[in-house]
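Working notes, beginning with the structure itself.
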Amino acid sequence: MHWHLTLAIILFSSVLLLIIWQPYKLSIGWTTATGGGLALAFGLVSWPNVLHVVSLVWDATVTFIALIIISLILDELGFFEWASLHIIRYSNGRGRRLFVLIVVLGAAVSMFFANDGAALILTPIVYQQTKALKLKPDATLALIMACGFIADTASVPLVISNLVNILSADFFHFAFASYALRMVPVDLAAFASSLVLLFLVYHKSLPKTFSSVGLANPSEVIHDHLLFRRSWWILGLLFLGYFLSQAIHWPVSVFAGVGSLALLAASRQSPAIHVRRILLEAPWRIVIFSIGMYIVVFSLKNVGLTKFLSNTLTIIAHFGPGATIVGTGMVAAVLSSVMNNLPSVMVGAIAIRDAGIPSLHSLMAYANIVGCDLGTKITPIGSLATLLWLHVLDRRGMHISWHYYLKVGIVLTIPVLVVTLLALWGWSEVLP
């Protein structure tokens with residue numbers, strides 16, 4: 001047993017290191033697939049475990065890929081640039097108003113198109129527009145940091161807002177509307193506290209006024225106006241489908257998949273959209289990554305490591321619902337900050353299920369989601385999206401050091417995390 005325990009720890013640590021480091025541009029899919037294969041070969045997991053893992057992650061990965069495909073099409077169409085140009089116009093040349101509206105836009109994109117879309121698609125657009133507006137470097141940094149930070153802190157409200165949410169909803173069988181009822185008010189607290197803290201940190205860097213002379217008209221950046229109008233109908237029907245999924249007990253992935261196929265079909269007739277390239281750029285590796293990572297995490301469960309976390313959560317739960325929510329969320333945040341949020345949410349979900357407190361499973365699960373969504377912002381390694389975000393900015397000539405990120409991440413994240421967990425506790429006291 002001790003041999004299996006040591007091997008499971010070494011395997012998990014090695015996989016996690018390779019995911020974060022990615023030597024020789026090693027794909028995260030190949031890394032976790034190899035890790036999962038080794039766990040199976042060494043007897044740390046069984047084939048029934050593998051089948052169970054597939055049953056847990058397929059809905060989440062299909063939904064995530066569908067959302068990314070939708071986001072890529074809309075990005076190529078000019079949808080997000082159109083939205084950001086409207087934000088600049090509504091700012092009326094006022095720097096602080098621009099900052100607030102950029103945060104609002106980032107939260108909205110994260111809510112409906114997942115946090116990766118907000119961080120990796122919207123941020124480069126905002127960066128380019130700060131250059132067009134001739135903003136100073138410190139003002140550009142303020143807007144970029146706000147965009148990246150809000151992408152995760154505002155990714156709580158809907159099942160589709162974060163892969164963490166989707167995985168957790170599947171694991172604990174949270175339906176779309178029920179999840180939204182629980183988490184939308186909580187997200188408002190996360191958004192408000194994020195906005196206040198971001199403003200306190202960066203308000204001195206913002207210009208009092210700016211000139212948008214020479215900036216494109218929003219309608220000019222839309223590359224196919226017919227497809228643009230059709231996309232609104234498709235997105236509207238897709239959102240209704242999410243709520244319908246609860247009524248008819250269908251997986252959310254069915255509606256996300258149909259929505260992405262509908263938008264792909266509409267895009268085939270548009271010369272502005274390169275459907276083949278979008279399909280090639282879709283994150284198909286996330287399927288292998290999710291399955292492989294979950295298998296590696298399952299090996300930790302099989303050797304008893306997650307039992308330690310279960311015991312810890314059980315002790316915390318003895319102090320009541322408030323302590324359960326805050327304690328679980330804090331533990332999840334710490335785990336996410338040091339070992340990435342996707343394995344963390346998996347470890348947390350297994351530990352919660354095995355804690356043996358069914359009456360508190362739901363509260364603990366929601367707190368685990370909040371901790372894994374927000375805890376990612378404490379360190380750069382908290383999420384793959386953040387690492388990619390830093391890489392994308394670096395390629396555009398804007399280097400954000402890990403030291404600076406850590407300094408700001410701790411200051412911004414911990415207060416927002418506390419406020420959000422307290423909001424979850426307060427709202428849970430109101431709901432039956």
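How things are named: the first chain in the structure tokens is A, the next is B, and so on; residues count from 1 in each chain; ligands count from 1 in the order shown.
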Leaving out Ala333 (chain A) and any residue of its chain fewer than 2 positions from it, which residues lie within 6 Å of it when counting only C-alpha atoms, given as an mmCIF file with N, CA and C atoms, in the first residue's frame?
data_model
loop_
_atom_site.group_PDB
_atom_site.id
_atom_site.type_symbol
_atom_site.label_atom_id
_atom_site.label_comp_id
_atom_site.auth_asym_id
_atom_site.auth_seq_id
_atom_site.Cartn_x
_atom_site.Cartn_y
_atom_site.Cartn_z
ATOM 1 N N MET A 330 -11.965 28.054 1.124
ATOM 2 C CA MET A 330 -10.570 28.431 1.349
ATOM 3 C C MET A 330 -9.618 27.282 1.019
ATOM 4 N N VAL A 331 -9.992 26.076 1.437
ATOM 5 C CA VAL A 331 -9.168 24.907 1.116
ATOM 6 C C VAL A 331 -9.059 24.731 -0.394
ATOM 7 N N LEU A 335 -5.623 24.948 -2.728
ATOM 8 C CA LEU A 335 -5.261 23.849 -3.621
ATOM 9 C C LEU A 335 -5.153 24.336 -5.062
ATOM 10 N N SER A 336 -6.106 25.162 -5.495
ATOM 11 C CA SER A 336 -6.105 25.669 -6.876
ATOM 12 C C SER A 336 -4.892 26.533 -7.150
ATOM 13 N N GLY A 371 -14.175 28.447 -4.571
ATOM 14 C CA GLY A 371 -12.745 28.413 -4.260
ATOM 15 C C GLY A 371 -11.888 28.115 -5.465
ATOM 16 N N CYS A 372 -12.341 27.190 -6.307
ATOM 17 C CA CYS A 372 -11.558 26.816 -7.497
ATOM 18 C C CYS A 372 -11.669 27.849 -8.606
ATOM 19 N N GLY A 375 -9.731 31.053 -6.578
ATOM 20 C CA GLY A 375 -8.386 30.768 -6.081
ATOM 21 C C GLY A 375 -7.329 30.721 -7.167
#
- Query: Quick one: residues within 8 Å of Met364 (chain A), only C-alpha atoms counted, chain neighbours fewer than 5 positions away excluded, as a ChimeraX atom specification?
  - Reply: /A:324-325,328-329,352
Would you save the residues of that selection, restricted to N, CA and C atoms, as a PDB file, in the first residue's frame?
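What follows is the written file selection.pdb:
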ATOM      1  N   THR A 324     -18.488  25.654   7.236  1.00  0.00           N
ATOM      2  CA  THR A 324     -18.353  24.664   6.160  1.00  0.00           C
ATOM      3  C   THR A 324     -18.101  25.342   4.820  1.00  0.00           C
ATOM      4  N   ILE A 325     -18.890  26.368   4.528  1.00  0.00           N
ATOM      5  CA  ILE A 325     -18.757  27.074   3.253  1.00  0.00           C
ATOM      6  C   ILE A 325     -17.417  27.809   3.169  1.00  0.00           C
ATOM      7  N   THR A 328     -14.389  25.178   3.306  1.00  0.00           N
ATOM      8  CA  THR A 328     -14.266  24.411   2.060  1.00  0.00           C
ATOM      9  C   THR A 328     -13.750  25.290   0.931  1.00  0.00           C
ATOM     10  N   GLY A 329     -14.297  26.501   0.837  1.00  0.00           N
ATOM     11  CA  GLY A 329     -13.863  27.415  -0.221  1.00  0.00           C
ATOM     12  C   GLY A 329     -12.415  27.812  -0.095  1.00  0.00           C
ATOM     13  N   ILE A 352     -15.457  15.660  -1.002  1.00  0.00           N
ATOM     14  CA  ILE A 352     -16.776  16.060  -0.488  1.00  0.00           C
ATOM     15  C   ILE A 352     -17.738  14.875  -0.503  1.00  0.00           C
TER      16      ILE A 352
END
- Message: If we count only C-alpha atoms and set the cut-off at 6 Å, which residues sit around region 400-412 of chain A, ignoring sequence neighbours fewer than 3 positions away in its own chain? Please answer as JSON, numbers by chain.
- Response: {"A": [377, 378, 379]}
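Shortest separation to Val392 (chain A) among A:Pro358, A:Gly95, A:Gly148, A:Gly322 occurs at residue A:Gly148, atoms counted being only C-alpha atoms.
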- Test item: residues at most 7 Å from region 303-307 of chain A, only C-alpha atoms, excluding those fewer than 6 positions along its chain, as a PyMOL selection string: chain A and resi 4-5+347+351
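Each of A:Leu280, A:Ile381, A:Val297, A:Ile315 was compared to Asn340 (chain A) using only C-alpha atoms, and A:Ile381 turns out to be the nearest.
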- Item | Asp224 (chain A) environment, 9 Å, only C-alpha atoms, sequence neighbours closer than 6 positions dropped, as number ranges by chain | A: 77-78, 270-273
- Query: If we count only C-alpha atoms, what is near Gly292 (chain A) at a cut-off of 6 Å, once residues fewer than 5 positions away on the same chain are taken out, given as a ChimeraX atom specification?
  - Reply: /A:32-33,36
Selected residues written out, C-alpha atoms, as a compact mmCIF listing (two decimals), in the first residue's frame:
# COMPACT_ATOMS: atom_id res chain seq x y z
CA THR A 32 -2.30 13.55 -18.88
CA ALA A 33 -2.97 10.66 -21.28
CA GLY A 36 -3.53 8.08 -16.96
- Item | Long-range neighbours of region 231-233 of chain A as JSON, numbers by chain, 9 Å cut-off, only C-alpha atoms, 5 positions minimum in chain | {"A": [74, 226, 238, 263, 266]}
